file query_26.txt (compact mmCIF, C-alpha atoms)
# COMPACT_ATOMS: atom_id res chain seq x y z
CA MET T 1 -18.92 60.08 21.06
CA ASP T 2 -16.87 61.36 24.01
CA LEU T 3 -18.34 64.12 26.21
CA VAL T 4 -15.35 65.45 28.12
CA VAL T 5 -15.30 67.73 31.18
CA ARG T 6 -12.06 69.10 32.62
CA GLN T 7 -12.15 69.84 36.35
CA PRO T 8 -9.77 70.27 39.29
CA ARG T 9 -10.88 67.17 41.23
CA LEU T 10 -13.64 64.60 41.61
CA PRO T 11 -16.69 65.85 43.56
CA ARG T 12 -17.66 64.18 46.81
CA PRO T 13 -21.06 62.38 46.89
CA GLY T 14 -23.79 65.04 46.83
CA GLU T 15 -21.33 67.83 46.01
CA THR T 16 -21.51 70.20 43.01
CA ILE T 17 -18.27 71.70 41.71
CA PHE T 18 -17.29 73.83 38.73
CA GLY T 19 -15.52 72.44 35.71
CA HIS T 20 -13.56 74.77 33.46
CA ASP T 21 -13.83 73.18 30.01
CA PHE T 22 -16.17 70.97 27.97
CA ALA T 23 -15.49 69.26 24.65
CA LEU T 24 -17.37 66.93 22.32
CA VAL T 25 -14.74 64.58 20.88
CA PRO T 26 -15.05 61.56 18.56
CA GLY T 27 -14.00 58.51 20.56
CA GLY T 28 -14.88 55.22 22.17
CA LYS T 29 -12.44 52.35 22.76
CA GLY T 30 -13.01 50.65 19.43
CA LEU T 31 -12.85 53.81 17.37
CA ASN T 32 -9.80 55.02 19.26
CA GLN T 33 -7.93 51.76 18.71
CA ALA T 34 -8.89 51.70 15.03
CA VAL T 35 -7.62 55.24 14.47
CA ALA T 36 -4.41 54.55 16.41
CA ALA T 37 -3.72 51.46 14.30
CA ALA T 38 -4.56 53.22 11.03
CA ARG T 39 -2.16 56.07 11.83
CA GLN T 40 0.56 53.47 12.34
CA GLY T 41 -0.02 52.10 8.84
CA GLY T 42 -2.60 49.41 9.52
CA ALA T 43 -5.42 48.71 7.04
CA ILE T 44 -8.57 48.51 9.17
CA ASP T 45 -12.14 47.33 8.77
CA PHE T 46 -14.47 48.69 11.42
CA LEU T 47 -17.40 46.50 12.48
CA GLY T 48 -20.28 47.54 14.74
CA ALA T 49 -23.11 50.07 14.83
CA VAL T 50 -23.90 53.75 15.17
CA GLY T 51 -27.25 55.44 15.69
CA ARG T 52 -29.32 57.49 13.25
CA ASP T 53 -28.14 60.78 14.69
CA ALA T 54 -25.56 63.50 14.23
CA TYR T 55 -23.01 61.65 16.38
CA GLY T 56 -23.28 58.56 14.21
CA THR T 57 -22.82 60.58 11.03
CA GLU T 58 -19.77 62.35 12.44
CA LEU T 59 -18.13 59.14 13.67
CA ARG T 60 -18.63 57.36 10.37
CA ALA T 61 -17.12 60.34 8.53
CA LEU T 62 -14.10 60.36 10.86
CA LEU T 63 -13.40 56.67 10.24
CA VAL T 64 -13.58 57.18 6.49
CA SER T 65 -11.27 60.20 6.72
CA GLU T 66 -8.69 58.02 8.49
CA GLY T 67 -8.81 55.46 5.66
CA ILE T 68 -10.74 52.90 7.73
CA ARG T 69 -13.24 50.71 5.87
CA VAL T 70 -16.78 50.96 7.26
CA ASP T 71 -18.70 48.38 5.21
CA GLY T 72 -19.29 46.46 8.46
CA LEU T 73 -20.47 49.49 10.45
CA ASP T 74 -24.28 49.35 10.62
CA THR T 75 -26.66 52.25 11.28
CA VAL T 76 -29.50 51.36 13.67
CA ASP T 77 -32.45 53.12 15.26
CA GLY T 78 -31.64 54.81 18.55
CA PRO T 79 -28.79 57.00 19.80
CA THR T 80 -25.11 56.50 19.12
CA GLY T 81 -23.12 55.29 22.12
CA THR T 82 -21.46 57.87 24.32
CA ALA T 83 -18.60 58.01 26.81
CA HIS T 84 -18.83 60.61 29.60
CA ILE T 85 -15.28 61.46 30.60
CA THR T 86 -13.95 63.41 33.55
CA VAL T 87 -10.39 64.69 33.10
CA LEU T 88 -8.70 66.10 36.20
CA ASP T 89 -6.13 68.87 36.04
CA SER T 90 -3.52 66.23 36.93
CA GLY T 91 -4.30 64.48 33.62
CA GLU T 92 -6.00 61.46 35.17
CA ASN T 93 -9.44 60.47 33.90
CA SER T 94 -12.52 58.39 34.69
CA ILE T 95 -15.19 57.26 32.22
CA VAL T 96 -18.87 56.24 32.18
CA VAL T 97 -20.04 54.51 28.99
CA VAL T 98 -23.66 54.57 27.75
CA SER T 99 -23.89 51.82 25.11
CA GLY T 100 -26.58 53.24 22.81
CA ALA T 101 -26.47 51.60 19.37
CA ASN T 102 -23.71 49.25 20.53
CA ALA T 103 -26.29 47.27 22.47
CA ALA T 104 -27.95 46.29 19.17
CA VAL T 105 -24.89 44.30 18.04
CA THR T 106 -25.78 40.91 19.47
CA VAL T 107 -25.23 38.84 16.30
CA LEU T 108 -22.64 39.32 13.55
CA ASP T 109 -23.79 39.35 9.93
CA ALA T 110 -22.15 37.43 7.08
CA GLY T 111 -20.00 40.38 6.01
CA GLN T 112 -18.69 40.95 9.52
CA ARG T 113 -17.88 37.27 9.96
CA ALA T 114 -16.05 37.24 6.62
CA ALA T 115 -13.98 40.28 7.62
CA ILE T 116 -12.90 38.59 10.83
CA ALA T 117 -12.10 35.33 9.04
CA ALA T 118 -9.86 37.17 6.56
CA ALA T 119 -8.04 39.17 9.24
CA ASP T 120 -4.60 38.58 10.69
CA PHE T 121 -5.65 40.18 13.99
CA LEU T 122 -9.01 40.69 15.69
CA VAL T 123 -9.17 43.26 18.49
CA LEU T 124 -12.14 43.09 20.87
CA GLN T 125 -13.35 45.34 23.66
CA CYS T 126 -16.18 44.68 26.09
CA GLU T 127 -18.40 47.59 25.00
CA LEU T 128 -20.34 45.26 22.69
CA PRO T 129 -22.84 42.70 24.02
CA VAL T 130 -21.17 39.48 25.15
CA PRO T 131 -22.88 37.26 22.51
CA ALA T 132 -21.22 39.29 19.74
CA LEU T 133 -17.83 38.96 21.45
CA VAL T 134 -18.26 35.20 21.81
CA GLU T 135 -19.24 34.84 18.15
CA GLY T 136 -16.39 37.03 16.93
CA LEU T 137 -13.89 35.06 18.99
CA ALA T 138 -15.23 31.75 17.65
CA VAL T 139 -14.94 32.93 14.03
CA ALA T 140 -11.39 34.13 14.66
CA ARG T 141 -10.31 30.90 16.29
CA ALA T 142 -11.76 28.84 13.44
CA SER T 143 -9.96 31.02 10.89
CA GLY T 144 -6.49 31.29 12.42
CA THR T 145 -6.93 34.97 13.28
CA PHE T 146 -4.84 36.20 16.23
CA THR T 147 -7.16 37.59 18.91
CA VAL T 148 -6.58 40.58 21.19
CA LEU T 149 -8.90 41.57 24.05
CA THR T 150 -9.08 44.82 25.96
CA PRO T 151 -11.38 43.78 28.85
CA ALA T 152 -12.96 47.20 29.37
CA PRO T 153 -15.35 47.69 30.88
CA VAL T 154 -14.98 44.48 32.90
CA VAL T 155 -18.12 42.40 32.40
CA PRO T 156 -19.06 38.80 33.26
CA LEU T 157 -17.80 36.53 30.47
CA PRO T 158 -18.67 32.88 29.88
CA ALA T 159 -16.47 30.07 31.15
CA GLY T 160 -13.61 29.35 28.79
CA PHE T 161 -13.75 32.73 27.05
CA PHE T 162 -10.22 33.76 27.97
CA ALA T 163 -8.83 30.45 26.73
CA GLY T 164 -9.63 31.63 23.21
CA VAL T 165 -7.78 34.95 23.53
CA ASP T 166 -4.17 35.11 22.32
CA LEU T 167 -3.33 38.46 23.96
CA ILE T 168 -5.07 40.26 26.80
CA VAL T 169 -4.18 43.93 27.36
CA ALA T 170 -5.63 45.22 30.64
CA ASN T 171 -4.84 48.14 32.89
CA ARG T 172 -3.95 47.62 36.54
CA LEU T 173 -7.53 47.93 37.84
CA GLU T 174 -9.01 45.66 35.16
CA ALA T 175 -6.34 43.02 35.74
CA GLN T 176 -6.96 43.06 39.48
CA GLU T 177 -10.72 42.78 39.00
CA LEU T 178 -10.33 39.84 36.62
CA THR T 179 -7.78 37.90 38.66
CA GLY T 180 -8.09 39.09 42.27
CA GLU T 181 -4.33 39.81 42.20
CA ALA T 182 -3.19 43.24 43.38
CA ASP T 183 0.35 42.56 42.15
CA ALA T 184 0.56 43.39 38.44
CA ALA T 185 3.09 40.66 37.63
CA ARG T 186 0.97 37.97 39.29
CA ALA T 187 -2.12 39.31 37.53
CA ALA T 188 -0.34 39.13 34.16
CA GLU T 189 0.77 35.59 34.89
CA SER T 190 -2.78 34.60 35.76
CA LEU T 191 -4.23 36.22 32.63
CA SER T 192 -1.69 34.50 30.37
CA ALA T 193 -1.84 31.10 32.08
CA ARG T 194 -4.55 29.61 29.86
CA ARG T 195 -3.17 30.79 26.55
CA GLY T 196 -0.62 33.12 25.03
CA TRP T 197 0.19 36.61 26.17
CA ALA T 198 -0.93 39.21 28.72
CA ILE T 199 0.11 42.82 29.16
CA VAL T 200 -0.89 44.81 32.24
CA THR T 201 -0.44 48.53 31.67
CA LEU T 202 0.67 50.67 34.61
CA GLY T 203 0.58 54.23 33.26
CA GLU T 204 3.77 56.13 34.01
CA GLU T 205 5.34 52.94 35.43
CA GLY T 206 5.20 51.13 32.07
CA CYS T 207 3.70 47.67 31.63
CA VAL T 208 4.22 44.10 32.80
CA VAL T 209 4.43 41.41 30.12
CA ALA T 210 3.70 37.70 30.64
CA ARG T 211 3.58 34.67 28.38
CA GLY T 212 2.19 31.26 29.19
CA GLY T 213 1.81 32.05 32.88
CA VAL T 214 5.34 33.43 33.34
CA ALA T 215 6.08 37.14 33.79
CA LEU T 216 8.84 38.27 31.43
CA GLY T 217 9.45 41.61 33.15
CA LEU T 218 8.55 45.29 33.27
CA ALA T 219 8.72 47.36 30.11
CA PRO T 220 9.40 50.95 31.26
CA ALA T 221 7.35 53.92 30.14
CA ARG T 222 8.83 56.85 28.23
CA PRO T 223 8.90 59.82 30.64
CA VAL T 224 6.79 62.79 29.51
CA ARG T 225 4.76 65.57 31.12
CA PRO T 226 1.11 64.45 30.75
CA VAL T 227 -1.63 66.80 29.59
CA ASP T 228 -4.49 64.33 29.12
CA THR T 229 -4.31 60.55 29.53
CA THR T 230 -7.64 59.92 27.75
CA GLY T 231 -7.09 57.40 24.97
CA ALA T 232 -3.54 56.50 25.99
CA GLY T 233 -4.41 52.84 26.56
CA ASP T 234 -6.24 52.68 23.24
CA THR T 235 -3.29 54.30 21.48
CA PHE T 236 -1.05 51.63 23.03
CA VAL T 237 -3.28 48.77 21.83
CA GLY T 238 -3.80 50.12 18.31
CA ALA T 239 -0.10 50.85 17.80
CA LEU T 240 0.89 47.49 19.30
CA VAL T 241 -1.31 45.46 16.96
CA ALA T 242 -0.40 47.53 13.91
CA ARG T 243 3.29 46.94 14.66
CA LEU T 244 2.74 43.20 15.12
CA ALA T 245 0.77 43.02 11.88
CA ALA T 246 3.49 44.91 10.04
CA GLY T 247 6.09 42.41 11.16
CA GLY T 248 8.13 44.77 13.32
CA ALA T 249 11.37 46.53 12.53
CA GLY T 250 12.31 46.69 8.89
CA THR T 251 8.78 46.03 7.62
CA ASP T 252 6.59 48.60 5.92
CA ALA T 253 3.68 49.20 8.30
CA GLY T 254 1.59 50.31 5.37
CA ALA T 255 1.49 46.73 4.12
CA ALA T 256 -0.57 45.54 7.05
CA SER T 257 -4.33 45.35 6.60
CA ALA T 258 -7.04 45.11 9.19
CA ALA T 259 -10.63 44.17 9.69
CA GLY T 260 -12.50 45.23 12.80
CA ALA T 261 -15.75 45.12 14.64
CA ALA T 262 -17.03 48.02 16.66
CA GLY T 263 -20.10 49.60 18.14
CA ALA T 264 -21.70 52.99 18.26
CA ASP T 265 -19.31 55.36 19.96
CA ALA T 266 -16.78 53.86 17.56
CA GLY T 267 -14.38 50.88 17.33
CA ALA T 268 -10.81 49.76 16.60
CA VAL T 269 -8.65 46.99 15.18
CA GLY T 270 -10.88 43.94 15.68
CA ALA T 271 -14.48 43.62 16.82
CA GLY T 272 -15.98 46.44 18.78
CA THR T 273 -18.36 49.37 19.05
CA ALA T 274 -18.75 52.70 17.38
CA ASP T 275 -18.44 54.32 20.72
CA ALA T 276 -16.18 51.76 19.71
CA SER T 277 -15.06 48.47 20.78
CA GLY T 278 -12.97 46.57 18.30
CA ALA T 279 -11.12 46.02 15.04
CA ALA T 280 -9.01 43.51 13.14
CA LEU T 281 -5.88 43.59 11.04
CA ALA T 282 -6.63 41.56 7.92
CA SER T 283 -4.49 39.25 5.84
CA ALA T 284 -4.49 38.72 2.12
CA ALA T 285 -5.92 35.22 2.43
CA ALA T 286 -9.09 34.63 0.47
CA PRO T 287 -12.29 34.15 2.49
CA GLY T 288 -12.70 30.51 3.46
CA THR T 289 -9.00 29.74 2.98
CA ALA T 290 -7.60 27.70 5.88
CA ARG T 291 -4.66 29.41 7.55
CA ALA T 292 -2.31 28.36 10.30
CA ARG T 293 -2.93 30.26 13.53
CA ALA T 294 -0.74 33.34 13.72
CA GLU T 295 2.12 33.13 16.21
CA VAL T 296 3.95 36.05 17.80
CA SER T 297 7.55 35.59 18.89
CA GLU T 298 8.99 37.11 22.03
CA ASP T 299 11.24 39.39 19.96
CA ALA T 300 8.26 40.60 17.91
CA MET T 301 6.20 41.31 21.03
CA ILE T 302 9.04 43.22 22.71
CA ASP T 303 9.54 45.30 19.57
CA ALA T 304 5.81 46.04 19.32
CA ILE T 305 5.59 47.02 23.01
CA ARG T 306 8.49 49.42 22.56
CA TRP T 307 6.74 50.98 19.57
CA ALA T 308 3.37 51.17 21.34
CA THR T 309 4.93 52.70 24.47
CA VAL T 310 6.32 55.58 22.44
CA ALA T 311 3.00 56.10 20.64
CA ALA T 312 1.12 56.22 23.95
CA SER T 313 3.68 58.60 25.46
CA VAL T 314 3.14 61.05 22.62
CA SER T 315 -0.64 60.85 22.99
CA VAL T 316 -0.66 61.92 26.64
CA THR T 317 1.19 65.15 25.83
CA ARG T 318 -1.83 66.35 23.81
CA ALA T 319 -5.48 66.91 24.63
CA GLY T 320 -8.19 64.57 23.41
CA ALA T 321 -8.30 60.94 22.36
CA THR T 322 -8.11 60.55 18.56
CA ALA T 323 -6.77 64.10 18.22
CA SER T 324 -3.74 63.16 20.31
CA MET T 325 -2.72 59.99 18.47
CA PRO T 326 0.62 60.14 16.63
CA THR T 327 1.44 59.05 13.10
CA HIS T 328 3.86 56.29 12.11
CA ALA T 329 6.39 58.95 11.10
CA GLU T 330 6.27 60.62 14.53
CA VAL T 331 6.92 57.36 16.38
CA ALA T 332 9.65 56.32 13.95
CA ALA T 333 11.41 59.68 14.38
CA ILE T 334 11.55 59.28 18.16
CA LEU T 335 12.92 55.75 17.87
CA ALA T 336 15.40 56.60 15.11
call {"tool": "encode", "arguments": {"input": "query_26.txt", "output": "structure tokens"}}
result
Amino acid sequence: MDLVVRQPRLPRPGETIFGHDFALVPGGKGLNQAVAAARQGGAIDFLGAVGRDAYGTELRALLVSEGIRVDGLDTVDGPTGTAHITVLDSGENSIVVVSGANAAVTVLDAGQRAAIAAADFLVLQCELPVPALVEGLAVARASGTFTVLTPAPVVPLPAGFFAGVDLIVANRLEAQELTGEADAARAAESLSARRGWAIVTLGEEGCVVARGGVALGLAPARPVRPVDTTGAGDTFVGALVARLAAGGAGTDAGAASAAGAAGADAGAVGAGTADASGAALASAAAPGTARARAEVSEDAMIDAIRWATVAASVSVTRAGATASMPTHAEVAAILA
């Protein structure tokens, strides 16, 4: 659950200032990404955990209301995860995550593993314990499921972890922390060097895209007047994966299905948390059926980035995280 305070600026150490608004908003990276993908036509399974409290009940109900399957969302003793968000009057935000029930997801159960194995795409965030991320990634790799990682918050990961990720989507600060590169293009090249794709998001500047260690260029943002940037990155990721799963232009996005793992504040397309940290777009392959590893062409990625950029631009013109996320019809109308 997101606890959001709007205020004019960040306080100095030891300083107390007044905020002028407070809101309790369903959210978390995994949940946000799941909702964003579902609104773009993706069929999503949400995997993770919520606590036995009012927040957990509300988050589960929200996922169900968005058409997201929650068979893999456990309820555990303890509080649901929370994100404590400061939104400045300029629209910029900063976030502190308290894991809560997410911390209980250290091992995946048989149903969660089956959902990942049947998925076309698995989306992971780092709000779940690392052992669960490692296991989810291993199941995906063995099953031919395309893997997407949002490395937030940045945590120590085992050697070789990134080699198993097909697409990394990081913001500028995360990319710099992971690679030591202040230049976004070099950071994207470094993140994509071991395998596949990397996207480094730059807010109003757009995003840098790299493949196989080579930067392909800057995809510009769509200019808008921001109201609240909370959830914009998650909207981008959810819309991007839903578009890839749908096959891009000319394909019915409603045909895509997804399986995800999340934690307690709430998750998204792939594996994550219910404050949320992941979700996965699922295929029609039967469990246990061997599939070739999904491949994404350059044309498909460019199309999906264009789609996701518009979705994210709409989200920042509205307050809130999930409340701000556009539908497939809204994005399609802008791009028509």
call {"tool": "residues_near_point", "arguments": {"input": "query_26.txt", "point": "(-13.3, 55.5, 9.0)", "cutoff": "10 Å", "atoms": "only C-alpha atoms", "output": "mmCIF file with C-alpha atoms, keeping the file's coordinate frame"}}
result
data_model
loop_
_atom_site.group_PDB
_atom_site.id
_atom_site.type_symbol
_atom_site.label_atom_id
_atom_site.label_comp_id
_atom_site.auth_asym_id
_atom_site.auth_seq_id
_atom_site.Cartn_x
_atom_site.Cartn_y
_atom_site.Cartn_z
ATOM 1 C CA LEU T 31 -12.850 53.810 17.370
ATOM 2 C CA ALA T 34 -8.890 51.700 15.030
ATOM 3 C CA VAL T 35 -7.620 55.240 14.470
ATOM 4 C CA ALA T 38 -4.560 53.220 11.030
ATOM 5 C CA ILE T 44 -8.570 48.510 9.170
ATOM 6 C CA ASP T 45 -12.140 47.330 8.770
ATOM 7 C CA PHE T 46 -14.470 48.690 11.420
ATOM 8 C CA LEU T 59 -18.130 59.140 13.670
ATOM 9 C CA ARG T 60 -18.630 57.360 10.370
ATOM 10 C CA ALA T 61 -17.120 60.340 8.530
ATOM 11 C CA LEU T 62 -14.100 60.360 10.860
ATOM 12 C CA LEU T 63 -13.400 56.670 10.240
ATOM 13 C CA VAL T 64 -13.580 57.180 6.490
ATOM 14 C CA SER T 65 -11.270 60.200 6.720
ATOM 15 C CA GLU T 66 -8.690 58.020 8.490
ATOM 16 C CA GLY T 67 -8.810 55.460 5.660
ATOM 17 C CA ILE T 68 -10.740 52.900 7.730
ATOM 18 C CA ARG T 69 -13.240 50.710 5.870
ATOM 19 C CA VAL T 70 -16.780 50.960 7.260
ATOM 20 C CA ASP T 71 -18.700 48.380 5.210
ATOM 21 C CA LEU T 73 -20.470 49.490 10.450
ATOM 22 C CA ALA T 266 -16.780 53.860 17.560
ATOM 23 C CA GLY T 267 -14.380 50.880 17.330
ATOM 24 C CA ALA T 268 -10.810 49.760 16.600
#
call {"tool": "residues_around", "arguments": {"input": "query_26.txt", "residues": "Gly27 in chain T", "least_positions_apart": "3", "cutoff": "6 Å", "atoms": "only C-alpha atoms", "output": "PDB file with C-alpha atoms, in the frame of the given file"}}
result
ATOM      1  CA  MET T   1     -18.920  60.080  21.060  1.00  0.00           C
ATOM      2  CA  ASP T   2     -16.870  61.360  24.010  1.00  0.00           C
ATOM      3  CA  LEU T  31     -12.850  53.810  17.370  1.00  0.00           C
ATOM      4  CA  ASN T  32      -9.800  55.020  19.260  1.00  0.00           C
TER       5      ASN T  32
END
call {"tool": "closest_residue", "arguments": {"input": "query_26.txt", "among": "T:Val107, T:Ala333, T:Leu133, T:Ala308", "to": "Thr201 in chain T", "atoms": "all atoms listed in the file"}}
result
T:Ala308
call {"tool": "atom_distance", "arguments": {"input": "query_26.txt", "atom1": "CA of Ala321 in chain T", "atom2": "CA of Val4 in chain T"}}
result
10.2 Å
call {"tool": "residues_around", "arguments": {"input": "query_26.txt", "residues": "Ala210 in chain T", "least_positions_apart": "2", "cutoff": "8 Å", "atoms": "all atoms listed in the file", "output": "ChimeraX atom specification"}}
result
/T:185,188-189,192,197-199,208,212-217
call {"tool": "residues_around", "arguments": {"input": "query_26.txt", "residues": "range 223-232 of chain T", "least_positions_apart": "4", "cutoff": "7 Å", "atoms": "all atoms listed in the file", "output": "PDB file with C-alpha atoms, in the coordinates of the input"}}
result
ATOM      1  CA  ASN T  32      -9.800  55.020  19.260  1.00  0.00           C
ATOM      2  CA  GLY T  91      -4.300  64.480  33.620  1.00  0.00           C
ATOM      3  CA  GLU T  92      -6.000  61.460  35.170  1.00  0.00           C
ATOM      4  CA  ASN T  93      -9.440  60.470  33.900  1.00  0.00           C
ATOM      5  CA  PHE T 236      -1.050  51.630  23.030  1.00  0.00           C
ATOM      6  CA  ALA T 312       1.120  56.220  23.950  1.00  0.00           C
ATOM      7  CA  SER T 313       3.680  58.600  25.460  1.00  0.00           C
ATOM      8  CA  SER T 315      -0.640  60.850  22.990  1.00  0.00           C
ATOM      9  CA  VAL T 316      -0.660  61.920  26.640  1.00  0.00           C
ATOM     10  CA  THR T 317       1.190  65.150  25.830  1.00  0.00           C
ATOM     11  CA  ARG T 318      -1.830  66.350  23.810  1.00  0.00           C
ATOM     12  CA  ALA T 319      -5.480  66.910  24.630  1.00  0.00           C
ATOM     13  CA  GLY T 320      -8.190  64.570  23.410  1.00  0.00           C
ATOM     14  CA  ALA T 321      -8.300  60.940  22.360  1.00  0.00           C
TER      15      ALA T 321
END
call {"tool": "residues_near_point", "arguments": {"input": "query_26.txt", "point": "(-11.6, 28.1, 26.0)", "cutoff": "12 Å", "atoms": "all atoms listed in the file", "output": "list in words"}}
result
Val134, Leu137, Ala138, Arg141, Leu157, Pro158, Ala159, Gly160, Phe161, Phe162, Ala163, Gly164, Val165, Asp166, Ala193, Arg194 and Arg195 of chain T
call {"tool": "write_last_selection", "arguments": {"input": "query_26.txt", "atoms": "C-alpha atoms", "output": "PDB file, keeping the file's coordinate frame"}}
result
ATOM      1  CA  VAL T 134     -18.260  35.200  21.810  1.00  0.00           C
ATOM      2  CA  LEU T 137     -13.890  35.060  18.990  1.00  0.00           C
ATOM      3  CA  ALA T 138     -15.230  31.750  17.650  1.00  0.00           C
ATOM      4  CA  ARG T 141     -10.310  30.900  16.290  1.00  0.00           C
ATOM      5  CA  LEU T 157     -17.800  36.530  30.470  1.00  0.00           C
ATOM      6  CA  PRO T 158     -18.670  32.880  29.880  1.00  0.00           C
ATOM      7  CA  ALA T 159     -16.470  30.070  31.150  1.00  0.00           C
ATOM      8  CA  GLY T 160     -13.610  29.350  28.790  1.00  0.00           C
ATOM      9  CA  PHE T 161     -13.750  32.730  27.050  1.00  0.00           C
ATOM     10  CA  PHE T 162     -10.220  33.760  27.970  1.00  0.00           C
ATOM     11  CA  ALA T 163      -8.830  30.450  26.730  1.00  0.00           C
ATOM     12  CA  GLY T 164      -9.630  31.630  23.210  1.00  0.00           C
ATOM     13  CA  VAL T 165      -7.780  34.950  23.530  1.00  0.00           C
ATOM     14  CA  ASP T 166      -4.170  35.110  22.320  1.00  0.00           C
ATOM     15  CA  ALA T 193      -1.840  31.100  32.080  1.00  0.00           C
ATOM     16  CA  ARG T 194      -4.550  29.610  29.860  1.00  0.00           C
ATOM     17  CA  ARG T 195      -3.170  30.790  26.550  1.00  0.00           C
TER      18      ARG T 195
END
call {"tool": "closest_residue", "arguments": {"input": "query_26.txt", "among": "T:Thr327, T:Thr322, T:Ser90, T:Ser143", "to": "Gly30 in chain T", "atoms": "only C-alpha atoms"}}
result
T:Thr322
call {"tool": "residues_around", "arguments": {"input": "query_26.txt", "residues": "Ile95 in chain T", "least_positions_apart": "6", "cutoff": "9 Å", "atoms": "only C-alpha atoms", "output": "number ranges by chain"}}
result
T: 83-87
call {"tool": "closest_residue", "arguments": {"input": "query_26.txt", "among": "T:Leu10, T:Gly233, T:Gly180, T:Ala245", "to": "Val314 in chain T", "atoms": "only C-alpha atoms"}}
result
T:Gly233
call {"tool": "closest_residue", "arguments": {"input": "query_26.txt", "among": "T:Asp77, T:Gly51, T:Leu88, T:Ala219", "to": "His20 in chain T", "atoms": "only C-alpha atoms"}}
result
T:Leu88
call {"tool": "atom_distance", "arguments": {"input": "query_26.txt", "atom1": "CA of Ala246 in chain T", "atom2": "CA of Gly28 in chain T"}}
result
24.3 Å
call {"tool": "closest_residue", "arguments": {"input": "query_26.txt", "among": "T:Ala239, T:Ala43, T:Val200, T:Val96", "to": "Arg306 in chain T", "atoms": "all atoms listed in the file"}}
result
T:Ala239
call {"tool": "atom_distance", "arguments": {"input": "query_26.txt", "atom1": "CA of Pro8 in chain T", "atom2": "CA of Leu24 in chain T"}}
result
18.9 Å
call {"tool": "decode", "arguments": {"input": "query_26.txt", "residues": "range 203-207 of chain T", "atoms": "all heavy atoms", "output": "JSON list (two decimals), in the first residue's frame"}}
result
[["chain", "number", "residue", "atom", "x", "y", "z"],
["T", 203, "GLY", "N", 13.07, 9.96, -17.60],
["T", 203, "GLY", "CA", 12.02, 10.92, -17.31],
["T", 203, "GLY", "C", 11.64, 11.72, -18.54],
["T", 203, "GLY", "O", 11.39, 11.15, -19.61],
["T", 204, "GLU", "N", 11.61, 13.03, -18.41],
["T", 204, "GLU", "CA", 11.17, 13.90, -19.50],
["T", 204, "GLU", "C", 12.11, 13.88, -20.70],
["T", 204, "GLU", "O", 11.75, 14.37, -21.78],
["T", 204, "GLU", "CB", 11.02, 15.33, -18.99],
["T", 204, "GLU", "CG", 12.32, 15.96, -18.53],
["T", 204, "GLU", "CD", 12.12, 17.34, -17.96],
["T", 204, "GLU", "OE1", 10.96, 17.74, -17.75],
["T", 204, "GLU", "OE2", 13.14, 18.02, -17.71],
["T", 205, "GLU", "N", 13.31, 13.29, -20.55],
["T", 205, "GLU", "CA", 14.24, 13.18, -21.67],
["T", 205, "GLU", "C", 13.98, 11.95, -22.53],
["T", 205, "GLU", "O", 14.57, 11.83, -23.61],
["T", 205, "GLU", "CB", 15.68, 13.15, -21.16],
["T", 205, "GLU", "CG", 16.11, 14.39, -20.40],
["T", 205, "GLU", "CD", 17.49, 14.24, -19.80],
["T", 205, "GLU", "OE1", 18.37, 13.65, -20.47],
["T", 205, "GLU", "OE2", 17.68, 14.66, -18.65],
["T", 206, "GLY", "N", 13.17, 11.02, -22.05],
["T", 206, "GLY", "CA", 12.89, 9.81, -22.82],
["T", 206, "GLY", "C", 13.61, 8.61, -22.25],
["T", 206, "GLY", "O", 13.72, 8.45, -21.03],
["T", 207, "CYS", "N", 14.15, 7.76, -23.10],
["T", 207, "CYS", "CA", 14.90, 6.59, -22.63],
["T", 207, "CYS", "C", 15.94, 6.18, -23.66],
["T", 207, "CYS", "O", 15.80, 6.43, -24.85],
["T", 207, "CYS", "CB", 13.96, 5.41, -22.34],
["T", 207, "CYS", "SG", 13.09, 4.74, -23.78]]
